[in-house]
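Asker: One file is attached below, work04.pdb, containing PDB, C-alpha atoms.
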MODEL        1
ATOM      1  CA  MET A   1       0.000   0.000   0.000  1.00  0.00           C
ATOM      2  CA  ASP A   2       1.042   3.599  -0.650  1.00  0.00           C
ATOM      3  CA  ARG A   3       2.507   5.746   2.063  1.00  0.00           C
ATOM      4  CA  ILE A   4       3.065   9.451   2.437  1.00  0.00           C
ATOM      5  CA  PRO A   5       6.801  10.006   2.925  1.00  0.00           C
ATOM      6  CA  ILE A   6       7.958  11.700   6.118  1.00  0.00           C
ATOM      7  CA  LEU A   7      11.285  13.524   5.815  1.00  0.00           C
ATOM      8  CA  ARG A   8      13.575  14.419   8.661  1.00  0.00           C
ATOM      9  CA  MET A   9      14.835  18.016   8.791  1.00  0.00           C
ATOM     10  CA  GLY A  10      17.109  18.280  11.806  1.00  0.00           C
ATOM     11  CA  GLU A  11      14.905  18.095  14.859  1.00  0.00           C
ATOM     12  CA  PHE A  12      11.753  18.482  12.788  1.00  0.00           C
ATOM     13  CA  LEU A  13       9.731  16.240  10.515  1.00  0.00           C
ATOM     14  CA  LEU A  14       8.378  17.365   7.163  1.00  0.00           C
ATOM     15  CA  VAL A  15       5.336  15.831   5.521  1.00  0.00           C
ATOM     16  CA  THR A  16       4.284  16.984   2.076  1.00  0.00           C
ATOM     17  CA  LEU A  17       0.698  16.133   1.300  1.00  0.00           C
ATOM     18  CA  GLN A  18       0.194  15.453  -2.370  1.00  0.00           C
ATOM     19  CA  VAL A  19      -2.794  16.157  -4.515  1.00  0.00           C
ATOM     20  CA  ASP A  20      -5.848  14.030  -3.914  1.00  0.00           C
ATOM     21  CA  MET A  21      -5.069  11.471  -1.270  1.00  0.00           C
ATOM     22  CA  HIS A  22      -7.701   8.907  -0.595  1.00  0.00           C
ATOM     23  CA  ASP A  23      -8.950   8.624   2.959  1.00  0.00           C
ATOM     24  CA  GLN A  24      -7.075   5.487   3.939  1.00  0.00           C
ATOM     25  CA  LEU A  25      -3.764   7.041   2.984  1.00  0.00           C
ATOM     26  CA  ALA A  26      -4.528  10.056   5.147  1.00  0.00           C
ATOM     27  CA  LEU A  27      -5.352   7.840   8.113  1.00  0.00           C
ATOM     28  CA  ARG A  28      -2.184   5.835   7.677  1.00  0.00           C
ATOM     29  CA  LEU A  29      -0.196   9.040   7.908  1.00  0.00           C
ATOM     30  CA  GLN A  30      -1.429   9.608  11.471  1.00  0.00           C
ATOM     31  CA  ASP A  31      -0.022   6.250  12.397  1.00  0.00           C
ATOM     32  CA  ASP A  32       3.307   6.679  10.639  1.00  0.00           C
ATOM     33  CA  LEU A  33       3.818  10.208  11.886  1.00  0.00           C
ATOM     34  CA  THR A  34       3.131   9.526  15.545  1.00  0.00           C
ATOM     35  CA  HIS A  35       5.560   6.580  15.434  1.00  0.00           C
ATOM     36  CA  MET A  36       8.164   8.729  13.739  1.00  0.00           C
ATOM     37  CA  ILE A  37       7.790  11.529  16.327  1.00  0.00           C
ATOM     38  CA  GLN A  38       8.507   9.010  19.030  1.00  0.00           C
ATOM     39  CA  ALA A  39      11.317   7.184  17.218  1.00  0.00           C
ATOM     40  CA  LYS A  40      13.169  10.377  16.250  1.00  0.00           C
ATOM     41  CA  SER A  41      12.246  12.410  19.345  1.00  0.00           C
ATOM     42  CA  ALA A  42      11.035  15.079  16.941  1.00  0.00           C
ATOM     43  CA  LYS A  43      10.110  18.404  18.497  1.00  0.00           C
ATOM     44  CA  GLY A  44       8.195  19.767  15.560  1.00  0.00           C
ATOM     45  CA  VAL A  45       6.193  18.662  12.535  1.00  0.00           C
ATOM     46  CA  LEU A  46       5.671  20.659   9.355  1.00  0.00           C
ATOM     47  CA  ILE A  47       2.746  19.644   7.190  1.00  0.00           C
ATOM     48  CA  ASP A  48       3.125  21.161   3.735  1.00  0.00           C
ATOM     49  CA  ILE A  49      -0.191  21.406   1.894  1.00  0.00           C
ATOM     50  CA  SER A  50       0.937  23.734  -0.899  1.00  0.00           C
ATOM     51  CA  ALA A  51       0.179  20.997  -3.447  1.00  0.00           C
ATOM     52  CA  LEU A  52      -3.377  20.483  -2.199  1.00  0.00           C
ATOM     53  CA  GLU A  53      -6.042  22.088  -4.358  1.00  0.00           C
ATOM     54  CA  MET A  54      -8.717  21.407  -1.799  1.00  0.00           C
ATOM     55  CA  VAL A  55      -9.097  20.443   1.835  1.00  0.00           C
ATOM     56  CA  ASP A  56     -12.445  19.045   2.874  1.00  0.00           C
ATOM     57  CA  SER A  57     -13.737  18.384   6.380  1.00  0.00           C
ATOM     58  CA  PHE A  58     -12.226  14.900   6.446  1.00  0.00           C
ATOM     59  CA  MET A  59      -8.736  16.158   5.680  1.00  0.00           C
ATOM     60  CA  GLY A  60      -9.251  19.128   7.975  1.00  0.00           C
ATOM     61  CA  ARG A  61     -10.130  16.803  10.787  1.00  0.00           C
ATOM     62  CA  MET A  62      -7.121  14.641  10.039  1.00  0.00           C
ATOM     63  CA  ILE A  63      -4.813  17.651  10.179  1.00  0.00           C
ATOM     64  CA  GLY A  64      -6.376  18.769  13.458  1.00  0.00           C
ATOM     65  CA  ASP A  65      -6.050  15.260  14.885  1.00  0.00           C
ATOM     66  CA  ILE A  66      -2.392  14.995  13.882  1.00  0.00           C
ATOM     67  CA  SER A  67      -1.712  18.322  15.535  1.00  0.00           C
ATOM     68  CA  GLY A  68      -3.404  17.136  18.725  1.00  0.00           C
ATOM     69  CA  MET A  69      -1.594  13.788  18.745  1.00  0.00           C
ATOM     70  CA  ALA A  70       1.750  15.478  18.141  1.00  0.00           C
ATOM     71  CA  ARG A  71       1.114  17.914  20.994  1.00  0.00           C
ATOM     72  CA  ILE A  72       0.526  15.037  23.384  1.00  0.00           C
ATOM     73  CA  LEU A  73       3.816  13.564  22.177  1.00  0.00           C
ATOM     74  CA  ASP A  74       5.521  16.897  22.948  1.00  0.00           C
ATOM     75  CA  ALA A  75       5.875  18.036  19.345  1.00  0.00           C
ATOM     76  CA  ARG A  76       4.477  21.199  17.757  1.00  0.00           C
ATOM     77  CA  THR A  77       2.725  21.055  14.394  1.00  0.00           C
ATOM     78  CA  VAL A  78       2.704  23.828  11.818  1.00  0.00           C
ATOM     79  CA  LEU A  79       0.544  23.672   8.723  1.00  0.00           C
ATOM     80  CA  VAL A  80       2.314  25.426   5.867  1.00  0.00           C
ATOM     81  CA  GLY A  81       1.610  26.516   2.305  1.00  0.00           C
ATOM     82  CA  MET A  82      -2.169  26.692   2.221  1.00  0.00           C
ATOM     83  CA  GLN A  83      -3.431  28.121  -1.067  1.00  0.00           C
ATOM     84  CA  PRO A  84      -5.715  31.181  -0.765  1.00  0.00           C
ATOM     85  CA  ALA A  85      -8.638  29.432  -2.506  1.00  0.00           C
ATOM     86  CA  VAL A  86      -8.350  26.589   0.003  1.00  0.00           C
ATOM     87  CA  ALA A  87      -8.370  29.013   2.949  1.00  0.00           C
ATOM     88  CA  ILE A  88     -11.483  30.792   1.630  1.00  0.00           C
ATOM     89  CA  THR A  89     -13.284  27.496   1.086  1.00  0.00           C
ATOM     90  CA  LEU A  90     -12.295  26.031   4.452  1.00  0.00           C
ATOM     91  CA  VAL A  91     -13.662  28.962   6.418  1.00  0.00           C
ATOM     92  CA  GLU A  92     -16.895  28.978   4.405  1.00  0.00           C
ATOM     93  CA  LEU A  93     -17.183  25.242   5.010  1.00  0.00           C
ATOM     94  CA  GLY A  94     -17.056  26.030   8.720  1.00  0.00           C
ATOM     95  CA  LEU A  95     -13.621  24.667   9.452  1.00  0.00           C
ATOM     96  CA  SER A  96     -11.180  27.198  10.838  1.00  0.00           C
ATOM     97  CA  LEU A  97      -8.697  24.652  12.250  1.00  0.00           C
ATOM     98  CA  PRO A  98      -8.616  25.888  15.837  1.00  0.00           C
ATOM     99  CA  GLY A  99      -5.432  25.029  17.679  1.00  0.00           C
ATOM    100  CA  VAL A 100      -3.440  24.415  14.500  1.00  0.00           C
ATOM    101  CA  ASP A 101      -0.524  26.776  13.907  1.00  0.00           C
ATOM    102  CA  THR A 102      -0.008  27.913  10.347  1.00  0.00           C
ATOM    103  CA  ALA A 103       2.730  29.564   8.318  1.00  0.00           C
ATOM    104  CA  LEU A 104       2.849  30.743   4.732  1.00  0.00           C
ATOM    105  CA  ASN A 105       5.680  28.427   3.684  1.00  0.00           C
ATOM    106  CA  VAL A 106       8.109  25.820   4.988  1.00  0.00           C
ATOM    107  CA  GLU A 107      10.826  28.382   5.737  1.00  0.00           C
ATOM    108  CA  ARG A 108       8.522  30.469   7.915  1.00  0.00           C
ATOM    109  CA  GLY A 109       7.161  27.334   9.506  1.00  0.00           C
ATOM    110  CA  VAL A 110      10.679  26.348  10.559  1.00  0.00           C
ATOM    111  CA  GLN A 111      11.234  29.836  12.004  1.00  0.00           C
ATOM    112  CA  LEU A 112       8.001  29.563  13.943  1.00  0.00           C
ATOM    113  CA  LEU A 113       8.976  26.189  15.388  1.00  0.00           C
ATOM    114  CA  LYS A 114      12.473  27.389  16.305  1.00  0.00           C
ATOM    115  CA  ARG A 115      11.046  30.421  18.089  1.00  0.00           C
ATOM    116  CA  ALA A 116       8.519  28.277  19.908  1.00  0.00           C
ATOM    117  CA  LEU A 117      11.206  25.888  21.096  1.00  0.00           C
ATOM    118  CA  ALA A 118      13.820  28.509  21.964  1.00  0.00           C
TER     119      ALA A 118
ATOM    120  CA  MET B   1     -34.338  28.329 -18.201  1.00  0.00           C
ATOM    121  CA  ALA B   2     -31.090  26.449 -17.951  1.00  0.00           C
ATOM    122  CA  THR B   3     -30.145  24.122 -20.759  1.00  0.00           C
ATOM    123  CA  VAL B   4     -28.065  21.007 -20.211  1.00  0.00           C
ATOM    124  CA  CYS B   5     -25.120  20.984 -22.607  1.00  0.00           C
ATOM    125  CA  SER B   6     -23.635  17.706 -21.432  1.00  0.00           C
ATOM    126  CA  ALA B   7     -24.318  15.136 -18.739  1.00  0.00           C
ATOM    127  CA  GLY B   8     -23.021  11.897 -17.342  1.00  0.00           C
ATOM    128  CA  GLU B   9     -22.750   9.600 -14.384  1.00  0.00           C
ATOM    129  CA  LEU B  10     -19.907   8.398 -12.163  1.00  0.00           C
ATOM    130  CA  PRO B  11     -19.906   5.652  -9.532  1.00  0.00           C
ATOM    131  CA  ILE B  12     -19.311   6.340  -5.831  1.00  0.00           C
ATOM    132  CA  LYS B  13     -18.365   2.864  -4.675  1.00  0.00           C
ATOM    133  CA  SER B  14     -14.929   3.311  -3.163  1.00  0.00           C
ATOM    134  CA  GLN B  15     -12.544   5.883  -1.720  1.00  0.00           C
ATOM    135  CA  GLN B  16     -10.810   5.963  -5.071  1.00  0.00           C
ATOM    136  CA  ASP B  17     -14.123   6.973  -6.682  1.00  0.00           C
ATOM    137  CA  ILE B  18     -14.236  10.003  -4.366  1.00  0.00           C
ATOM    138  CA  VAL B  19     -10.803  11.046  -5.651  1.00  0.00           C
ATOM    139  CA  LEU B  20     -11.834  10.469  -9.280  1.00  0.00           C
ATOM    140  CA  GLY B  21     -15.103  12.309  -8.691  1.00  0.00           C
ATOM    141  CA  ARG B  22     -13.260  15.340  -7.309  1.00  0.00           C
ATOM    142  CA  GLN B  23     -11.000  15.392 -10.355  1.00  0.00           C
ATOM    143  CA  ALA B  24     -13.962  15.108 -12.745  1.00  0.00           C
ATOM    144  CA  VAL B  25     -15.814  17.945 -10.983  1.00  0.00           C
ATOM    145  CA  ARG B  26     -12.677  20.100 -11.090  1.00  0.00           C
ATOM    146  CA  ARG B  27     -12.468  19.589 -14.876  1.00  0.00           C
ATOM    147  CA  MET B  28     -16.156  20.475 -15.309  1.00  0.00           C
ATOM    148  CA  ALA B  29     -15.753  23.668 -13.280  1.00  0.00           C
ATOM    149  CA  GLN B  30     -12.664  24.609 -15.298  1.00  0.00           C
ATOM    150  CA  GLN B  31     -14.463  23.921 -18.556  1.00  0.00           C
ATOM    151  CA  GLN B  32     -17.309  26.191 -17.465  1.00  0.00           C
ATOM    152  CA  GLY B  33     -14.810  28.960 -16.796  1.00  0.00           C
ATOM    153  CA  PHE B  34     -15.167  29.056 -12.992  1.00  0.00           C
ATOM    154  CA  SER B  35     -12.649  31.110 -11.027  1.00  0.00           C
ATOM    155  CA  LEU B  36     -10.154  29.152  -8.905  1.00  0.00           C
ATOM    156  CA  VAL B  37     -12.094  29.938  -5.716  1.00  0.00           C
ATOM    157  CA  ASP B  38     -15.394  28.827  -7.281  1.00  0.00           C
ATOM    158  CA  GLN B  39     -13.760  25.642  -8.585  1.00  0.00           C
ATOM    159  CA  THR B  40     -12.403  24.898  -5.127  1.00  0.00           C
ATOM    160  CA  LYS B  41     -15.776  25.491  -3.466  1.00  0.00           C
ATOM    161  CA  LEU B  42     -17.594  23.170  -5.856  1.00  0.00           C
ATOM    162  CA  VAL B  43     -14.936  20.454  -5.627  1.00  0.00           C
ATOM    163  CA  THR B  44     -14.938  20.644  -1.824  1.00  0.00           C
ATOM    164  CA  ALA B  45     -18.742  20.424  -1.660  1.00  0.00           C
ATOM    165  CA  ALA B  46     -18.617  17.441  -4.049  1.00  0.00           C
ATOM    166  CA  SER B  47     -16.006  15.738  -1.888  1.00  0.00           C
ATOM    167  CA  GLU B  48     -18.158  16.128   1.238  1.00  0.00           C
ATOM    168  CA  LEU B  49     -21.269  14.773  -0.456  1.00  0.00           C
ATOM    169  CA  ALA B  50     -19.515  11.897  -2.211  1.00  0.00           C
ATOM    170  CA  ARG B  51     -17.986  10.836   1.091  1.00  0.00           C
ATOM    171  CA  ASN B  52     -21.401  11.034   2.786  1.00  0.00           C
ATOM    172  CA  ALA B  53     -22.906   8.846   0.054  1.00  0.00           C
ATOM    173  CA  LEU B  54     -20.153   6.282   0.573  1.00  0.00           C
ATOM    174  CA  THR B  55     -19.876   6.395   4.378  1.00  0.00           C
ATOM    175  CA  TYR B  56     -23.522   6.702   5.348  1.00  0.00           C
ATOM    176  CA  GLY B  57     -25.293   5.487   2.213  1.00  0.00           C
ATOM    177  CA  GLY B  58     -23.041   2.550   1.387  1.00  0.00           C
ATOM    178  CA  GLY B  59     -22.202   4.017  -2.024  1.00  0.00           C
ATOM    179  CA  GLY B  60     -24.178   5.317  -4.938  1.00  0.00           C
ATOM    180  CA  GLU B  61     -23.826   7.487  -8.012  1.00  0.00           C
ATOM    181  CA  LEU B  62     -22.854  10.987  -8.945  1.00  0.00           C
ATOM    182  CA  LYS B  63     -24.899  12.371 -11.831  1.00  0.00           C
ATOM    183  CA  TRP B  64     -23.543  15.549 -13.372  1.00  0.00           C
ATOM    184  CA  GLU B  65     -24.821  18.155 -15.775  1.00  0.00           C
ATOM    185  CA  MET B  66     -23.086  21.119 -17.333  1.00  0.00           C
ATOM    186  CA  LEU B  67     -25.574  23.952 -17.634  1.00  0.00           C
ATOM    187  CA  VAL B  68     -25.957  27.056 -19.768  1.00  0.00           C
ATOM    188  CA  ASP B  69     -28.493  29.762 -18.980  1.00  0.00           C
ATOM    189  CA  GLY B  70     -28.007  32.743 -21.245  1.00  0.00           C
ATOM    190  CA  ALA B  71     -24.606  34.130 -20.302  1.00  0.00           C
ATOM    191  CA  LYS B  72     -24.471  32.071 -17.102  1.00  0.00           C
ATOM    192  CA  ARG B  73     -22.664  28.778 -16.917  1.00  0.00           C
ATOM    193  CA  GLY B  74     -23.070  26.240 -14.192  1.00  0.00           C
ATOM    194  CA  VAL B  75     -22.554  22.699 -12.960  1.00  0.00           C
ATOM    195  CA  ARG B  76     -25.258  20.634 -11.302  1.00  0.00           C
ATOM    196  CA  LEU B  77     -24.349  17.524  -9.327  1.00  0.00           C
ATOM    197  CA  VAL B  78     -26.717  14.899  -7.946  1.00  0.00           C
ATOM    198  CA  PHE B  79     -25.409  12.501  -5.277  1.00  0.00           C
ATOM    199  CA  GLU B  80     -27.650   9.472  -4.870  1.00  0.00           C
ATOM    200  CA  ASP B  81     -27.290   6.601  -2.481  1.00  0.00           C
ATOM    201  CA  HIS B  82     -29.517   3.676  -1.601  1.00  0.00           C
ATOM    202  CA  GLY B  83     -28.686   3.608   2.074  1.00  0.00           C
ATOM    203  CA  PRO B  84     -30.829   3.894   5.195  1.00  0.00           C
ATOM    204  CA  GLY B  85     -31.943   7.461   4.460  1.00  0.00           C
ATOM    205  CA  ILE B  86     -32.108  10.338   6.920  1.00  0.00           C
ATOM    206  CA  ALA B  87     -34.949  10.206   9.448  1.00  0.00           C
ATOM    207  CA  ASP B  88     -34.602  13.766  10.726  1.00  0.00           C
ATOM    208  CA  ILE B  89     -33.500  16.077   7.936  1.00  0.00           C
ATOM    209  CA  GLU B  90     -33.677  19.170  10.107  1.00  0.00           C
ATOM    210  CA  GLN B  91     -31.267  17.608  12.574  1.00  0.00           C
ATOM    211  CA  ALA B  92     -28.969  16.446   9.765  1.00  0.00           C
ATOM    212  CA  MET B  93     -28.822  20.006   8.486  1.00  0.00           C
ATOM    213  CA  THR B  94     -27.577  21.336  11.839  1.00  0.00           C
ATOM    214  CA  ASP B  95     -23.942  22.420  12.036  1.00  0.00           C
ATOM    215  CA  GLY B  96     -21.938  20.039  14.159  1.00  0.00           C
ATOM    216  CA  TRP B  97     -24.512  17.263  14.229  1.00  0.00           C
ATOM    217  CA  THR B  98     -23.131  13.920  13.114  1.00  0.00           C
ATOM    218  CA  SER B  99     -24.468  10.398  13.135  1.00  0.00           C
ATOM    219  CA  GLY B 100     -20.977   8.998  12.740  1.00  0.00           C
ATOM    220  CA  HIS B 101     -17.473  10.081  13.541  1.00  0.00           C
ATOM    221  CA  GLY B 102     -17.212  13.180  11.364  1.00  0.00           C
ATOM    222  CA  LEU B 103     -17.267  16.814  12.294  1.00  0.00           C
ATOM    223  CA  GLY B 104     -20.880  17.211  11.238  1.00  0.00           C
ATOM    224  CA  LEU B 105     -19.922  19.763   8.616  1.00  0.00           C
ATOM    225  CA  GLY B 106     -20.495  17.731   5.470  1.00  0.00           C
ATOM    226  CA  LEU B 107     -24.088  18.657   4.607  1.00  0.00           C
ATOM    227  CA  THR B 108     -24.238  22.125   6.121  1.00  0.00           C
ATOM    228  CA  GLY B 109     -20.772  23.010   4.888  1.00  0.00           C
ATOM    229  CA  ALA B 110     -21.535  21.799   1.372  1.00  0.00           C
ATOM    230  CA  ARG B 111     -24.712  23.899   1.348  1.00  0.00           C
ATOM    231  CA  ARG B 112     -22.717  27.031   2.145  1.00  0.00           C
ATOM    232  CA  LEU B 113     -20.336  26.348  -0.750  1.00  0.00           C
ATOM    233  CA  VAL B 114     -22.925  26.217  -3.532  1.00  0.00           C
ATOM    234  CA  ASN B 115     -25.735  28.359  -4.973  1.00  0.00           C
ATOM    235  CA  GLU B 116     -28.421  25.677  -5.025  1.00  0.00           C
ATOM    236  CA  PHE B 117     -28.884  22.860  -2.546  1.00  0.00           C
ATOM    237  CA  GLU B 118     -31.672  20.324  -2.226  1.00  0.00           C
ATOM    238  CA  LEU B 119     -31.824  17.321   0.074  1.00  0.00           C
ATOM    239  CA  GLN B 120     -34.361  14.552  -0.425  1.00  0.00           C
ATOM    240  CA  SER B 121     -34.309  11.442   1.684  1.00  0.00           C
ATOM    241  CA  THR B 122     -36.632   8.550   2.348  1.00  0.00           C
ATOM    242  CA  VAL B 123     -35.957   6.197   5.227  1.00  0.00           C
ATOM    243  CA  GLY B 124     -35.165   2.754   3.886  1.00  0.00           C
ATOM    244  CA  VAL B 125     -34.850   3.969   0.299  1.00  0.00           C
ATOM    245  CA  GLY B 126     -31.928   6.371   0.160  1.00  0.00           C
ATOM    246  CA  THR B 127     -30.785   9.937  -0.026  1.00  0.00           C
ATOM    247  CA  ARG B 128     -30.412  12.348  -2.916  1.00  0.00           C
ATOM    248  CA  VAL B 129     -28.550  15.623  -2.627  1.00  0.00           C
ATOM    249  CA  THR B 130     -28.643  18.026  -5.565  1.00  0.00           C
ATOM    250  CA  ILE B 131     -26.276  20.982  -5.727  1.00  0.00           C
ATOM    251  CA  ALA B 132     -25.517  23.564  -8.366  1.00  0.00           C
ATOM    252  CA  ARG B 133     -22.980  26.296  -8.624  1.00  0.00           C
ATOM    253  CA  TRP B 134     -23.077  29.091 -11.186  1.00  0.00           C
ATOM    254  CA  LYS B 135     -20.262  31.151 -12.532  1.00  0.00           C
TER     255      LYS B 135
ENDMDL
END
Translate the structure described by the file into structure tokens.

Answerer:
Amino acid sequence: MDRIPILRMGEFLLVTLQVDMHDQLALRLQDDLTHMIQAKSAKGVLIDISALEMVDSFMGRMIGDISGMARILDARTVLVGMQPAVAITLVELGLSLPGVDTALNVERGVQLLKRALA
Amino acid sequence: MATVCSAGELPIKSQQDIVLGRQAVRRMAQQQGFSLVDQTKLVTAASELARNALTYGGGGELKWEMLVDGAKRGVRLVFEDHGPGIADIEQAMTDGWTSGHGLGLGLTGARRLVNEFELQSTVGVGTRVTIARWK
């Protein structure tokens, strides 16, 4: 079965969500990522969604869940790269991702994590 | 009166069908000249409703129509399942209410993302949700 790759960037983990994942793949990521946070003692997770042309409530929930799971495992999550059309749609859908930190791109996401951990 | 310029049907039987359905709806919206934001809204609404049809209705079909009404162009989508139906439609159309494990945003959220929304459901027969978005 397919997997979403998780890259290590120093003390952080980087996940790039690709266009149009099916639901099972998204769920598997929760599993893989939480294991990886523990195995690598990662302090931060960057989820890059710049390639996603849409985020529906299922994916929104998954992102929120990952953020919550990571927090319990002592890692901060930053969602980076959301396209403007996706942001407009998400808020109209009723999903404002409370409790999820965001940054415009990976670079700023890394800065945010470094500041938070300093 | 809107005229149908093309129409078709897609299955909603698996998670992969939801992905394929999203891609098909994106192409329709592009072909009708929708802006990127309007495309995204329609595709997101379609994703919510296709997932509902699969998760709660045990699968079904997506019927689509590309519409022309004078200078206006639109896409109409009908999501049909043959599942248990919705007993209390008013409750189902409440933000945050869910019969399953979702956020309860599927139906209400989808309604906010489109121009036309109609929900018909008969207990024991199935559910049909019709949406349309105009450019």

Asker: Please evaluate the PyMOL selection byres ((chain A and resi 52-69) around 9) against the structure above and give the resulting residues as a PyMOL selection string.

Answerer: (chain A and resi 17-20+23+26-27+29-30+33-34+45+47-51+70-79+82-83+85-87+89-90+93-101) or (chain B and resi 40-41+43-45+47-48+51+102-106+109)

Asker: Kindly provide the residues of chain B that approach chain A to within 12 Å, each paired with its closest atom pair and their distance in Å to one decimal, based on all atoms listed in the file, listed by chain and increasing number, as CSV.

Answerer:
residue,atom,partner,partner_atom,distance
B:Ser14,CA,A:His22,CA,9.5
B:Gln15,CA,A:His22,CA,5.8
B:Gln16,CA,A:His22,CA,6.2
B:Asp17,CA,A:His22,CA,9.1
B:Ile18,CA,A:His22,CA,7.6
B:Val19,CA,A:Asp20,CA,6.0
B:Leu20,CA,A:Asp20,CA,8.8
B:Gly21,CA,A:Asp20,CA,10.6
B:Arg22,CA,A:Asp20,CA,8.3
B:Gln23,CA,A:Asp20,CA,8.4
B:Arg26,CA,A:Glu53,CA,9.7
B:Ser35,CA,A:Ala85,CA,9.6
B:Leu36,CA,A:Ala85,CA,6.6
B:Val37,CA,A:Ala85,CA,4.7
B:Asp38,CA,A:Ala85,CA,8.3
B:Gln39,CA,A:Ala85,CA,8.8
B:Thr40,CA,A:Met54,CA,6.1
B:Lys41,CA,A:Thr89,CA,5.6
B:Leu42,CA,A:Thr89,CA,9.2
B:Val43,CA,A:Met54,CA,7.4
B:Thr44,CA,A:Asp56,CA,5.6
B:Ala45,CA,A:Asp56,CA,7.9
B:Ala46,CA,A:Asp56,CA,9.4
B:Ser47,CA,A:Asp56,CA,6.8
B:Glu48,CA,A:Asp56,CA,6.6
B:Leu49,CA,A:Asp56,CA,10.4
B:Ala50,CA,A:Asp56,CA,11.3
B:Arg51,CA,A:Phe58,CA,8.9
B:Asn52,CA,A:Phe58,CA,10.6
B:Leu54,CA,A:Asp23,CA,11.7
B:Thr55,CA,A:Asp23,CA,11.2
B:Thr94,CA,A:Gly94,CA,11.9
B:Asp95,CA,A:Gly94,CA,8.5
B:Gly96,CA,A:Gly94,CA,9.5
B:His101,CA,A:Phe58,CA,10.1
B:Gly102,CA,A:Phe58,CA,7.2
B:Leu103,CA,A:Ser57,CA,7.1
B:Gly104,CA,A:Ser57,CA,8.7
B:Leu105,CA,A:Ser57,CA,6.7
B:Gly106,CA,A:Ser57,CA,6.9
B:Leu107,CA,A:Leu93,CA,9.6
B:Thr108,CA,A:Leu93,CA,7.8
B:Gly109,CA,A:Leu93,CA,4.2
B:Ala110,CA,A:Leu93,CA,6.6
B:Arg111,CA,A:Leu93,CA,8.5
B:Arg112,CA,A:Leu93,CA,6.5
B:Leu113,CA,A:Leu93,CA,6.7
B:Val114,CA,A:Leu93,CA,10.3

Asker: On this structure, which residues satisfy the PyMOL selection byres ((chain A and resi 8) around 12), written as a list in words?

Answerer: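 On this input, the PyMOL selection byres ((chain A and resi 8) around 12) captures Pro5, Ile6, Leu7, Met9, Gly10, Glu11, Phe12, Leu13, Leu14, Val15, Thr16, Leu33, Met36, Ile37, Ala39, Lys40, Ser41, Ala42, Lys43, Gly44, Val45 and Leu46 of chain A.
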
Asker: Can you tell me which residues surround Val4 of chain B at a distance of at most 8 Å, considering all atoms listed in the file, apart from same-chain residues fewer than 6 positions away, and format the answer as an MDAnalysis selection string?

Answerer: chainID B and resid 65:68

Asker: Quick one: residues within 7 Å of (-30.6, 11.0, 3.7) (file frame), counting only C-alpha atoms, please, as a list in words.

Answerer: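 Here is the list of nearby residues: Gly85, Ile86, Gln120, Ser121, Thr122, Gly126, Thr127 and Arg128 of chain B.
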
Asker: Mind telling me what the PyMOL selection byres ((chain B and resi 11) around 7) catches here, as a short mmCIF file (atom, residue, chain, number, x, y, z; two decimals) with C-alpha atoms, in the coordinates of the input?

Answerer:
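Ended up saving to part28.cif:
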data_model
loop_
_atom_site.label_atom_id
_atom_site.label_comp_id
_atom_site.auth_asym_id
_atom_site.auth_seq_id
_atom_site.Cartn_x
_atom_site.Cartn_y
_atom_site.Cartn_z
CA GLU B 9 -22.75 9.60 -14.38
CA LEU B 10 -19.91 8.40 -12.16
CA ILE B 12 -19.31 6.34 -5.83
CA LYS B 13 -18.36 2.86 -4.68
CA ASP B 17 -14.12 6.97 -6.68
CA GLY B 60 -24.18 5.32 -4.94
CA GLU B 61 -23.83 7.49 -8.01
CA LEU B 62 -22.85 10.99 -8.94
#

Asker: In Å to one decimal, how far is atom CA of Ser6 of chain B from atom CA of Gln32 of chain B?

Answerer: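 These two atoms are separated by 11.3 Å.
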
Asker: At what distance in Å, to one decimal, does atom CA of Gly59 of chain B lie from atom CA of Phe79 of chain B?

Answerer: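 Taking atom CA of Phe79 of chain B as the start and atom CA of Gly59 of chain B as the end point, the length is 9.6 Å.
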
Asker: I'd like the interatomic distance between atom CA of Ile131 of chain B and atom CA of Asn115 of chain B, to a tenth of an Å.

Answerer: 7.4 Å
